[in-house]
Every structure is written in structure tokens, then in C-alpha cells.
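Quick look at work-v3.csv (CSV, C-alpha atoms):
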chain,number,residue,atom,x,y,z
P,1,MET,CA,132.8,52.5,74.5
P,2,GLN,CA,134.8,55.2,72.7
P,3,GLN,CA,134.0,58.7,73.8
P,4,ALA,CA,130.7,59.6,72.3
P,5,ILE,CA,128.7,62.6,71.1
P,6,ALA,CA,125.7,63.0,73.4
P,7,ILE,CA,122.6,64.2,71.6
P,8,LEU,CA,119.3,65.0,73.4
P,9,ASP,CA,115.9,66.0,72.3
P,10,SER,CA,112.3,66.3,73.6
P,11,GLY,CA,111.5,63.2,71.6
P,12,VAL,CA,112.3,61.7,68.2
P,13,GLY,CA,113.1,65.0,66.5
P,14,GLY,CA,116.8,64.8,67.4
P,15,LEU,CA,117.0,61.7,65.2
P,16,THR,CA,117.3,64.1,62.3
P,17,VAL,CA,120.6,65.3,63.8
P,18,VAL,CA,121.7,61.7,64.5
P,19,LYS,CA,121.1,60.8,60.9
P,20,GLU,CA,123.3,63.7,59.7
P,21,VAL,CA,126.0,62.9,62.2
P,22,MET,CA,126.1,59.3,61.1
P,23,ARG,CA,126.3,60.4,57.4
P,24,GLN,CA,128.9,63.1,57.9
P,25,MET,CA,130.9,61.5,60.6
P,26,PRO,CA,130.5,57.7,60.3
P,27,GLY,CA,133.2,56.9,62.8
P,28,GLU,CA,131.5,58.8,65.7
P,29,SER,CA,129.7,57.0,68.5
P,30,ILE,CA,126.4,58.5,69.7
P,31,VAL,CA,124.5,58.3,72.9
P,32,TYR,CA,121.0,59.7,72.4
P,33,PHE,CA,118.2,60.6,74.8
P,34,GLY,CA,114.7,61.4,73.7
P,35,ASP,CA,112.3,62.6,76.4
P,36,THR,CA,109.3,61.0,74.8
P,37,ALA,CA,107.3,60.8,78.0
P,38,ARG,CA,107.3,64.5,78.4
P,39,ALA,CA,107.2,65.7,74.8
P,40,PRO,CA,106.4,68.1,73.3
P,41,TYR,CA,108.3,70.9,75.0
P,42,GLY,CA,106.9,73.6,72.8
P,43,ALA,CA,104.1,74.8,75.1
P,44,ARG,CA,105.6,74.0,78.5
P,45,PRO,CA,106.6,76.7,80.9
P,46,PRO,CA,110.2,77.8,80.1
P,47,GLU,CA,111.5,77.0,83.6
P,48,GLU,CA,110.2,73.5,83.1
P,49,VAL,CA,112.0,73.1,79.8
P,50,VAL,CA,115.2,74.3,81.5
P,51,ARG,CA,114.8,71.8,84.3
P,52,PHE,CA,114.1,68.9,82.0
P,53,THR,CA,117.1,69.7,79.9
P,54,GLU,CA,119.3,69.9,83.0
P,55,GLU,CA,118.0,66.4,84.1
P,56,ILE,CA,118.8,64.9,80.8
P,57,VAL,CA,122.3,66.4,80.7
P,58,GLN,CA,123.0,65.1,84.2
P,59,TYR,CA,121.9,61.7,83.0
P,60,LEU,CA,124.1,61.8,79.9
P,61,THR,CA,127.2,62.9,81.7
P,62,GLN,CA,127.6,59.4,83.2
P,63,PHE,CA,128.7,58.4,79.7
P,64,LYS,CA,131.6,60.9,79.7
P,65,PRO,CA,130.7,62.3,76.3
P,66,LYS,CA,133.1,64.6,74.4
P,67,MET,CA,130.3,67.0,73.4
P,68,ILE,CA,126.7,67.7,74.2
P,69,VAL,CA,124.3,68.5,71.4
P,70,ILE,CA,120.9,70.0,72.3
P,71,ALA,CA,119.0,68.8,69.2
P,72,CYS,CA,115.9,70.6,70.3
P,73,ASN,CA,115.2,74.1,69.2
P,74,THR,CA,113.0,74.8,72.3
P,75,ALA,CA,115.7,73.6,74.7
P,76,THR,CA,118.4,75.4,72.7
P,77,ALA,CA,116.4,78.7,72.9
P,78,LEU,CA,115.7,78.4,76.6
P,79,ALA,CA,118.5,76.3,78.2
P,80,ILE,CA,121.7,76.3,76.3
P,81,ASP,CA,123.4,79.0,78.4
P,82,ARG,CA,122.5,77.1,81.5
P,83,ILE,CA,123.9,73.9,80.1
P,84,ARG,CA,127.1,75.5,79.0
P,85,ASP,CA,127.6,76.6,82.6
P,86,MET,CA,127.0,73.1,83.9
P,87,VAL,CA,129.6,71.2,81.8
P,88,ASP,CA,133.2,71.7,80.7
P,89,ILE,CA,132.8,70.2,77.2
P,90,PRO,CA,131.5,71.8,74.1
P,91,VAL,CA,127.7,72.3,74.0
P,92,VAL,CA,126.2,72.8,70.5
P,93,GLY,CA,122.6,74.0,69.8
P,94,VAL,CA,120.6,74.0,66.6
P,95,ILE,CA,119.7,77.7,66.2
P,96,GLU,CA,122.9,79.4,65.3
P,97,PRO,CA,123.8,76.8,62.6
P,98,GLY,CA,120.4,77.1,61.0
P,99,ALA,CA,120.5,80.9,61.1
P,100,ARG,CA,123.9,81.0,59.4
P,101,ALA,CA,122.7,78.7,56.6
P,102,ALA,CA,119.6,80.8,56.0
P,103,ILE,CA,121.7,84.0,55.7
P,104,ARG,CA,124.0,82.2,53.1
P,105,THR,CA,121.0,80.9,51.2
P,106,SER,CA,118.6,83.9,51.0
P,107,LYS,CA,118.8,86.1,48.0
P,108,ASN,CA,116.1,88.6,48.8
P,109,GLY,CA,116.8,88.9,52.6
P,110,PHE,CA,113.3,87.8,53.7
P,111,ILE,CA,113.5,84.6,55.7
P,112,GLY,CA,110.7,82.5,57.3
P,113,VAL,CA,111.0,80.6,60.5
P,114,ILE,CA,108.6,77.9,61.8
P,115,GLY,CA,109.0,76.4,65.2
P,116,THR,CA,107.2,75.6,68.5
P,117,ASP,CA,105.4,78.2,70.5
P,118,ASN,CA,108.4,78.5,72.9
P,119,THR,CA,111.0,78.8,70.2
P,120,ILE,CA,109.1,81.5,68.3
P,121,ARG,CA,108.1,83.4,71.5
P,122,SER,CA,111.8,83.4,72.6
P,123,GLY,CA,112.8,85.4,69.5
P,124,ALA,CA,116.0,83.3,69.4
P,125,TYR,CA,116.0,82.9,65.6
P,126,ARG,CA,115.2,86.5,64.9
P,127,ARG,CA,118.1,87.6,67.1
P,128,ALA,CA,120.5,85.1,65.6
P,129,LEU,CA,119.5,86.2,62.0
P,130,GLN,CA,119.7,89.9,62.7
P,131,ASN,CA,123.0,89.6,64.5
P,132,LEU,CA,124.4,88.1,61.3
P,133,SER,CA,122.6,90.5,59.0
P,134,PRO,CA,120.9,93.5,60.7
P,135,ASP,CA,118.8,94.3,57.6
P,136,VAL,CA,117.3,90.8,57.2
P,137,ARG,CA,113.5,90.6,57.4
P,138,VAL,CA,112.1,87.7,59.4
P,139,ALA,CA,108.6,86.2,59.4
P,140,SER,CA,108.1,83.8,62.3
P,141,LEU,CA,105.3,81.3,62.8
P,142,ALA,CA,104.5,78.9,65.6
P,143,CYS,CA,103.2,75.5,64.3
P,144,PRO,CA,102.2,73.6,67.5
P,145,ARG,CA,100.3,70.9,65.7
P,146,LEU,CA,103.3,69.4,63.9
P,147,VAL,CA,105.4,67.9,66.6
P,148,PRO,CA,102.6,65.5,67.9
P,149,LEU,CA,102.2,64.2,64.4
P,150,VAL,CA,105.9,63.2,64.3
P,151,GLU,CA,106.0,61.8,67.8
P,152,ARG,CA,103.3,59.3,67.0
P,153,GLY,CA,104.9,58.4,63.6
P,154,ASP,CA,102.1,60.0,61.6
P,155,TYR,CA,104.2,62.1,59.3
P,156,ARG,CA,103.4,60.7,55.8
P,157,SER,CA,99.6,60.5,56.0
P,158,GLY,CA,97.0,62.7,54.3
P,159,LEU,CA,96.3,64.1,57.8
P,160,ALA,CA,99.9,65.2,58.1
P,161,LYS,CA,99.8,67.0,54.7
P,162,GLN,CA,96.5,68.7,55.6
P,163,THR,CA,97.9,69.8,59.0
P,164,VAL,CA,101.0,71.2,57.4
P,165,GLU,CA,99.0,73.1,54.8
P,166,GLU,CA,96.7,74.6,57.5
P,167,SER,CA,99.6,75.4,59.9
P,168,LEU,CA,101.8,77.1,57.2
P,169,ALA,CA,98.9,79.1,55.5
P,170,PRO,CA,99.9,82.4,57.3
P,171,MET,CA,103.5,82.1,56.1
P,172,LEU,CA,102.4,82.1,52.4
P,173,HIS,CA,101.5,85.8,52.7
P,174,TYR,CA,105.2,86.7,53.0
P,175,PRO,CA,107.7,86.9,50.1
P,176,ILE,CA,110.2,84.6,51.8
P,177,ASP,CA,112.8,82.8,49.7
P,178,CYS,CA,113.9,80.4,52.4
P,179,LEU,CA,112.3,78.8,55.4
P,180,ILE,CA,114.1,77.6,58.5
P,181,LEU,CA,112.7,74.3,59.9
P,182,GLY,CA,113.1,75.6,63.4
P,183,CYS,CA,112.3,72.3,65.1
P,184,THR,CA,114.3,69.1,64.5
P,185,HIS,CA,111.0,67.3,64.2
P,186,TYR,CA,110.1,69.2,61.0
P,187,PRO,CA,112.5,67.5,58.6
P,188,PHE,CA,110.2,64.4,59.0
P,189,LEU,CA,107.6,66.6,57.3
P,190,ALA,CA,109.9,68.2,54.7
P,191,GLU,CA,108.1,66.8,51.7
P,192,ALA,CA,104.7,68.2,52.8
P,193,ILE,CA,106.3,71.5,53.8
P,194,SER,CA,108.1,71.9,50.5
P,195,GLU,CA,104.9,71.2,48.6
P,196,THR,CA,103.0,73.8,50.7
P,197,VAL,CA,105.5,76.7,50.4
P,198,GLY,CA,106.4,75.9,46.8
P,199,PRO,CA,109.7,75.3,44.8
P,200,GLY,CA,110.8,78.9,45.1
P,201,VAL,CA,111.4,78.6,48.9
P,202,ALA,CA,114.5,76.7,50.0
P,203,LEU,CA,114.1,74.7,53.2
P,204,ILE,CA,116.9,75.1,55.8
P,205,ASN,CA,117.4,71.9,57.7
P,206,SER,CA,119.1,72.8,61.0
P,207,ALA,CA,120.0,69.1,61.4
P,208,GLU,CA,122.4,69.2,58.4
P,209,GLU,CA,124.0,72.5,59.5
P,210,THR,CA,124.3,71.4,63.2
P,211,ALA,CA,126.2,68.2,62.1
P,212,LYS,CA,128.6,70.4,60.1
P,213,GLU,CA,129.2,72.5,63.1
P,214,ILE,CA,129.8,69.4,65.3
P,215,ARG,CA,132.3,68.2,62.7
P,216,ASP,CA,134.1,71.5,62.6
P,217,ILE,CA,134.4,71.8,66.4
P,218,LEU,CA,135.6,68.3,66.8
P,219,SER,CA,138.1,68.7,64.0
P,220,PHE,CA,139.4,71.9,65.5
P,221,ARG,CA,139.8,70.3,68.9
P,222,GLY,CA,141.5,67.2,67.5
P,223,GLY,CA,138.6,65.0,68.7
P,224,LEU,CA,137.2,63.8,65.4
P,225,SER,CA,137.1,60.0,65.1
P,226,SER,CA,138.5,58.3,62.1
P,227,PRO,CA,135.7,57.4,59.5
P,228,ASP,CA,137.1,53.9,59.5
P,229,ARG,CA,136.4,53.4,63.2
P,230,LEU,CA,133.5,51.2,64.1
P,231,PRO,CA,131.1,53.3,66.2
P,232,VAL,CA,128.9,52.1,69.1
P,233,HIS,CA,125.5,53.8,69.5
P,234,TYR,CA,123.1,53.9,72.5
P,235,PHE,CA,119.6,55.1,72.4
P,236,TYR,CA,117.5,56.0,75.5
P,237,CYS,CA,114.0,57.4,75.9
P,238,SER,CA,111.8,58.2,78.8
P,239,GLY,CA,108.5,56.9,77.3
P,240,ARG,CA,107.5,53.7,75.7
P,241,PRO,CA,110.3,52.5,73.4
P,242,SER,CA,108.2,50.7,70.8
P,243,THR,CA,107.1,53.9,68.9
P,244,PHE,CA,110.5,55.4,69.2
P,245,ARG,CA,112.1,52.2,67.9
P,246,ARG,CA,109.7,52.0,64.9
P,247,ILE,CA,110.3,55.7,63.9
P,248,ALA,CA,114.1,55.4,64.4
P,249,LYS,CA,114.3,52.2,62.3
P,250,GLU,CA,112.4,53.9,59.5
P,251,TRP,CA,114.3,57.2,59.7
P,252,LEU,CA,117.8,55.8,60.2
P,253,GLY,CA,117.4,52.8,58.0
P,254,ARG,CA,118.6,50.4,60.6
P,255,GLN,CA,117.5,48.4,63.6
P,256,ILE,CA,118.4,49.9,66.9
P,257,ARG,CA,118.1,48.9,70.5
P,258,VAL,CA,116.2,51.4,72.7
P,259,SER,CA,116.5,51.4,76.5
P,260,PRO,CA,113.7,53.0,78.6
P,261,VAL,CA,114.8,55.4,81.3
P,262,VAL,CA,112.4,55.7,84.3
P,263,TRP,CA,112.0,59.2,85.7
P,264,GLN,CA,110.3,59.5,89.1
P,265,LEU,CA,106.8,59.8,87.8
P,266,THR,CA,107.2,57.9,84.5
P,267,ARG,CA,107.0,54.1,84.7
P,268,PHE,CA,106.9,52.4,81.4
P,269,ALA,CA,108.2,48.9,80.8
P,270,ASP,CA,110.1,48.1,77.6
P,271,ASP,CA,107.5,46.9,75.1

In C-alpha cells, what does this structure look like?
Amino acid sequence: MQQAIAILDSGVGGLTVVKEVMRQMPGESIVYFGDTARAPYGARPPEEVVRFTEEIVQYLTQFKPKMIVIACNTATALAIDRIRDMVDIPVVGVIEPGARAAIRTSKNGFIGVIGTDNTIRSGAYRRALQNLSPDVRVASLACPRLVPLVERGDYRSGLAKQTVEESLAPMLHYPIDCLILGCTHYPFLAEAISETVGPGVALINSAEETAKEIRDILSFRGGLSSPDRLPVHYFYCSGRPSTFRRIAKEWLGRQIRVSPVVWQLTRFADD
């Protein structure tokens, strides 16, 4: 296969980045790994998240990718520096692109961030935002109930809408004018999130911004594939592939083949 972009996530959330890469760079091949057997990462001990991310990167390096994309905010916040030390190719995370987009978008300088427990606790978004604009005000909120909804494909139901409303209720007390979806799972819930925060709050989708950064880096390095080139995509997950396949087909609008990867203590047959 042509040299691919390797994209990893704790589960299906990184498919939001995949969709944007496919849209913005249709000639790029992708090899994707979703750690669905061990998702979510949001409440796991930080050292465990780092170890899991290292394991996935080691697995993906067999494909000799031209770039690693950590399409998981939790893993970006906790492990990106370690991964950059491990490999000699560009490593892109999802936090810096989202922060830059929020600074460009906000008119009143009050930005909201929602994410997993680990992402919010790390303060990575607050630091990234204040490095760009020291006077920016940031309201951060952990929403641990949202990722499990997406992982089981239940992101358009009445329960999903109710869970979003309950989870975001504390954010409504702040005069934010944009909200960073600080988890790549959250774009699956964008409609419910937008209805909850109202039309005066712009949603910042880190997936879109990350794809722009990927394109810019590859273009600068002379590694951007021609849009006329026929790409080849590979998808892997550590859990049962049936749910992953169903969500991927719905989100990407295409049928894909998903291969299960067996970790030492994870033994699922392809179903």
C-alpha cells in the first residue's frame, strides 16, 4: 500500500478525524486503530493511558506510516510527548488545532471546553488556549457519560439527548460564545450539543481542525498525496468489530472491513 496516515483512538471517536481526512485529502490512505476493548480512556489512570497509546503506536509502526495522528484528546493530553520521542515521523494531536480554532472564533474571549475526566483534569486545553491568548477565559467541564453512548452507537436517541442536556447543564451558567468539543467522540452528538447550548454558541470540532493541520504538515513536507490517487484504507479494533463496523458505515457513509487485533487479555473473534 502507499504510505498511509496512521490514526489511533480509544474507540470509534477517531472516525470523526478519519471522515475529515477523507473529505479534505481524498487521495490519502489511512490505517486506523480503535482500542474498543479498553475504551473509554477518560477515567483510566494516566500511566495506563500512556502505556496503551505506546502499545498502539508500536502496532501501527509495522505499516510504516508517514504520520501518526493521536485522534484522542485524552491520549493527546497525556501521551503525545512520549509518542513524539518514540518515532521519527510527525505526530499530530487534536488539542492544539482545536484551541487555535476557538481563539479565531471567539468574539467575547470566553471559551467553553468539554471533555473526558482525564482531558479536563490535565488542563491541556486551558494551557493551549492561554498560551495563544493569555487573557482568554475558559470554562472546563468533564462529561464522562457521553463517550459510552457513542461507543455503543446510541448517539441519536432520546436518551442521548437527555444525557447531553444533563451533562452540559453546568456549562450553561457561563457566557461562552464557543464550545470546544474536546473529545473526538463528541461530534457524533453535535446536534444534541448544539440544541443544548443554543445558536449563540459556536461548536469547535477538533476533527476538522486536526485534518487541516495534517494537510498543512504533509504539504509543507512534500508528502501530500494527489487527490486523484486511489487510497487504500485499513481499520483495526481491539474489541468486537461488529459494533465498530456498524458505526463506521453510518458515520463514513461506506462499507469498511474491520480486522480485530488480539491483545494479551482480549480475545474476541470477528463477528

Output as CSV one row per residue of region 147-247 of chain P within 7 Å of region 101-112 of chain P: the closest atom pair and its distance in Å to one decimal place, counting only C-alpha atoms, sorted by chain and residue number ascending.
residue,atom,partner,partner_atom,distance
P:Pro175,CA,P:Phe110,CA,6.7
P:Ile176,CA,P:Phe110,CA,4.8
P:Asp177,CA,P:Ser106,CA,6.0
P:Cys178,CA,P:Ile111,CA,5.4
P:Leu179,CA,P:Gly112,CA,4.5
P:Ile180,CA,P:Gly112,CA,6.1
P:Ile204,CA,P:Ala102,CA,6.3
P:Glu209,CA,P:Ala101,CA,7.0

Give me the residues near Ser122 (chain P) as a PDB file with C-alpha atoms, in the frame of the given file, where near means some atom within 10 Å (using all atoms listed in the file) and where sequence neighbours in that chain fewer than 6 positions away do not count.
ATOM      1  CA  PRO P  46     110.200  77.800  80.100  1.00  0.00           C
ATOM      2  CA  THR P  74     113.000  74.800  72.300  1.00  0.00           C
ATOM      3  CA  ALA P  77     116.400  78.700  72.900  1.00  0.00           C
ATOM      4  CA  LEU P  78     115.700  78.400  76.600  1.00  0.00           C
ATOM      5  CA  THR P 116     107.200  75.600  68.500  1.00  0.00           C
TER       6      THR P 116
END

How close does each residue of region 16-94 of chain P get to region 225-243 of chain P, giving the shortest atom pair and distance in Å to one decimal for every residue with an atom at most 12 Å away, counting all atoms listed in the file, sorted by chain and residue number, as a Markdown table?
| residue | atom | partner | partner_atom | distance |
| --- | --- | --- | --- | --- |
| P:Val18 | CA | P:His233 | CA | 10.1 |
| P:Lys19 | CA | P:His233 | CA | 11.9 |
| P:Val21 | CA | P:Pro227 | CA | 11.5 |
| P:Met22 | CA | P:Pro231 | CA | 9.3 |
| P:Arg23 | CA | P:Pro227 | CA | 10.1 |
| P:Gln24 | CA | P:Pro227 | CA | 9.0 |
| P:Met25 | CA | P:Pro227 | CA | 6.4 |
| P:Pro26 | CA | P:Pro227 | CA | 5.3 |
| P:Gly27 | CA | P:Pro227 | CA | 4.2 |
| P:Glu28 | CA | P:Pro231 | CA | 5.5 |
| P:Ser29 | CA | P:Pro231 | CA | 4.6 |
| P:Ile30 | CA | P:His233 | CA | 4.8 |
| P:Val31 | CA | P:Tyr234 | CA | 4.6 |
| P:Tyr32 | CA | P:Phe235 | CA | 4.8 |
| P:Phe33 | CA | P:Tyr236 | CA | 4.7 |
| P:Gly34 | CA | P:Cys237 | CA | 4.6 |
| P:Asp35 | CA | P:Ser238 | CA | 5.0 |
| P:Thr36 | CA | P:Gly239 | CA | 4.9 |
| P:Ala37 | CA | P:Gly239 | CA | 4.1 |
| P:Arg38 | CA | P:Ser238 | CA | 7.8 |
| P:Ala39 | CA | P:Gly239 | CA | 9.2 |
| P:Phe52 | CA | P:Ser238 | CA | 11.4 |
| P:Glu55 | CA | P:Ser238 | CA | 11.6 |
| P:Ile56 | CA | P:Ser238 | CA | 9.9 |
| P:Tyr59 | CA | P:Tyr236 | CA | 10.4 |
| P:Leu60 | CA | P:Tyr236 | CA | 9.8 |
| P:Phe63 | CA | P:Tyr234 | CA | 10.2 |
| P:Pro65 | CA | P:Tyr234 | CA | 11.9 |
| P:Lys66 | CA | P:Ser225 | CA | 11.1 |

Selected residues, C-alpha atoms, written as a short mmCIF file (atom, residue, chain, number, x, y, z; two decimals), keeping the file's coordinate frame, please.
data_model
loop_
_atom_site.label_atom_id
_atom_site.label_comp_id
_atom_site.auth_asym_id
_atom_site.auth_seq_id
_atom_site.Cartn_x
_atom_site.Cartn_y
_atom_site.Cartn_z
CA VAL P 18 121.70 61.70 64.50
CA LYS P 19 121.10 60.80 60.90
CA VAL P 21 126.00 62.90 62.20
CA MET P 22 126.10 59.30 61.10
CA ARG P 23 126.30 60.40 57.40
CA GLN P 24 128.90 63.10 57.90
CA MET P 25 130.90 61.50 60.60
CA PRO P 26 130.50 57.70 60.30
CA GLY P 27 133.20 56.90 62.80
CA GLU P 28 131.50 58.80 65.70
CA SER P 29 129.70 57.00 68.50
CA ILE P 30 126.40 58.50 69.70
CA VAL P 31 124.50 58.30 72.90
CA TYR P 32 121.00 59.70 72.40
CA PHE P 33 118.20 60.60 74.80
CA GLY P 34 114.70 61.40 73.70
CA ASP P 35 112.30 62.60 76.40
CA THR P 36 109.30 61.00 74.80
CA ALA P 37 107.30 60.80 78.00
CA ARG P 38 107.30 64.50 78.40
CA ALA P 39 107.20 65.70 74.80
CA PHE P 52 114.10 68.90 82.00
CA GLU P 55 118.00 66.40 84.10
CA ILE P 56 118.80 64.90 80.80
CA TYR P 59 121.90 61.70 83.00
CA LEU P 60 124.10 61.80 79.90
CA PHE P 63 128.70 58.40 79.70
CA PRO P 65 130.70 62.30 76.30
CA LYS P 66 133.10 64.60 74.40
#

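The space between CA of Glu54 (chain P) and CA of Ile70 (chain P) spans 10.8 Å.
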
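For Arg82 (chain P), the residues within 10 Å (counting only C-alpha atoms, excluding itself and residues fewer than 2 positions away along the chain) are Val50, Arg51, Thr53, Glu54, Thr76, Leu78, Ala79, Ile80, Arg84, Asp85, Met86 and Val87 of chain P.
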
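Take the candidates P:Gln2, P:Gln130, P:Thr16, P:Ser140 and check each one against Pro187 (chain P) using only C-alpha atoms; the shortest distance goes to P:Thr16.
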
field: Shortest interatomic distance to Val150 (chain P) - which of P:Leu218, P:Ile247, P:Met171, P:Ile5, counting all atoms listed in the file
entry: P:Ile247

- prompt: In terms of the shortest atom-to-atom distance over all atoms listed in the file, which of P:Gly153, P:Gln3, P:Ser206, P:Tyr174 is closest to Ala248 (chain P)?
  reply: P:Gly153

Contacts of Ala43 (chain P) within 8 Å, only C-alpha atoms, excl. fewer than 5 positions in-chain, as a list in words: Thr116, Asp117, Asn118 and Pro144 of chain P

Using only C-alpha atoms, please write the residues we just selected to a file, as an mmCIF file, in the frame of the given file.
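Heads up, here's the output in again.cif:
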data_model
loop_
_atom_site.group_PDB
_atom_site.id
_atom_site.type_symbol
_atom_site.label_atom_id
_atom_site.label_comp_id
_atom_site.auth_asym_id
_atom_site.auth_seq_id
_atom_site.Cartn_x
_atom_site.Cartn_y
_atom_site.Cartn_z
ATOM 1 C CA THR P 116 107.200 75.600 68.500
ATOM 2 C CA ASP P 117 105.400 78.200 70.500
ATOM 3 C CA ASN P 118 108.400 78.500 72.900
ATOM 4 C CA PRO P 144 102.200 73.600 67.500
#

message: Between CA of Ala160 (chain P) and CA of Leu203 (chain P), what is the distance in Å, rounded to a tenth?
response: 17.8 Å

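In this model, the gap between CA of Leu146 (chain P) and CA of Val164 (chain P) comes to 7.1 Å.
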
- request: Find the residue from P:Val258, P:Ser133, P:Ser157, P:Lys212 that sits nearest to Val17 (chain P); use only C-alpha atoms when measuring.
  value: P:Lys212

- prompt: Residues at most 8 Å from Gly93 (chain P), counting all atoms listed in the file, excluding those fewer than 2 positions away in the same chain, as a VMD selection string?
  reply: chain P and resid 69 to 73 76 80 91 95 to 97 210

query: Looking at all atoms listed in the file, which of P:Val57, P:Leu8, P:Leu172, P:Leu181 is the one that sits closest to Ile114 (chain P)?
result: P:Leu181

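You can rank P:Pro134, P:Gly14, P:Gly158, P:Pro40 by their closest distance to Ala211 (chain P) using all atoms listed in the file, and at the top of that list sits P:Gly14.
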
field: For Thr196 (chain P): contacts at 8 Å, all atoms listed in the file, fewer than 4 positions along chain excluded, given as a PyMOL selection string
entry: chain P and resi 164-165+168+192
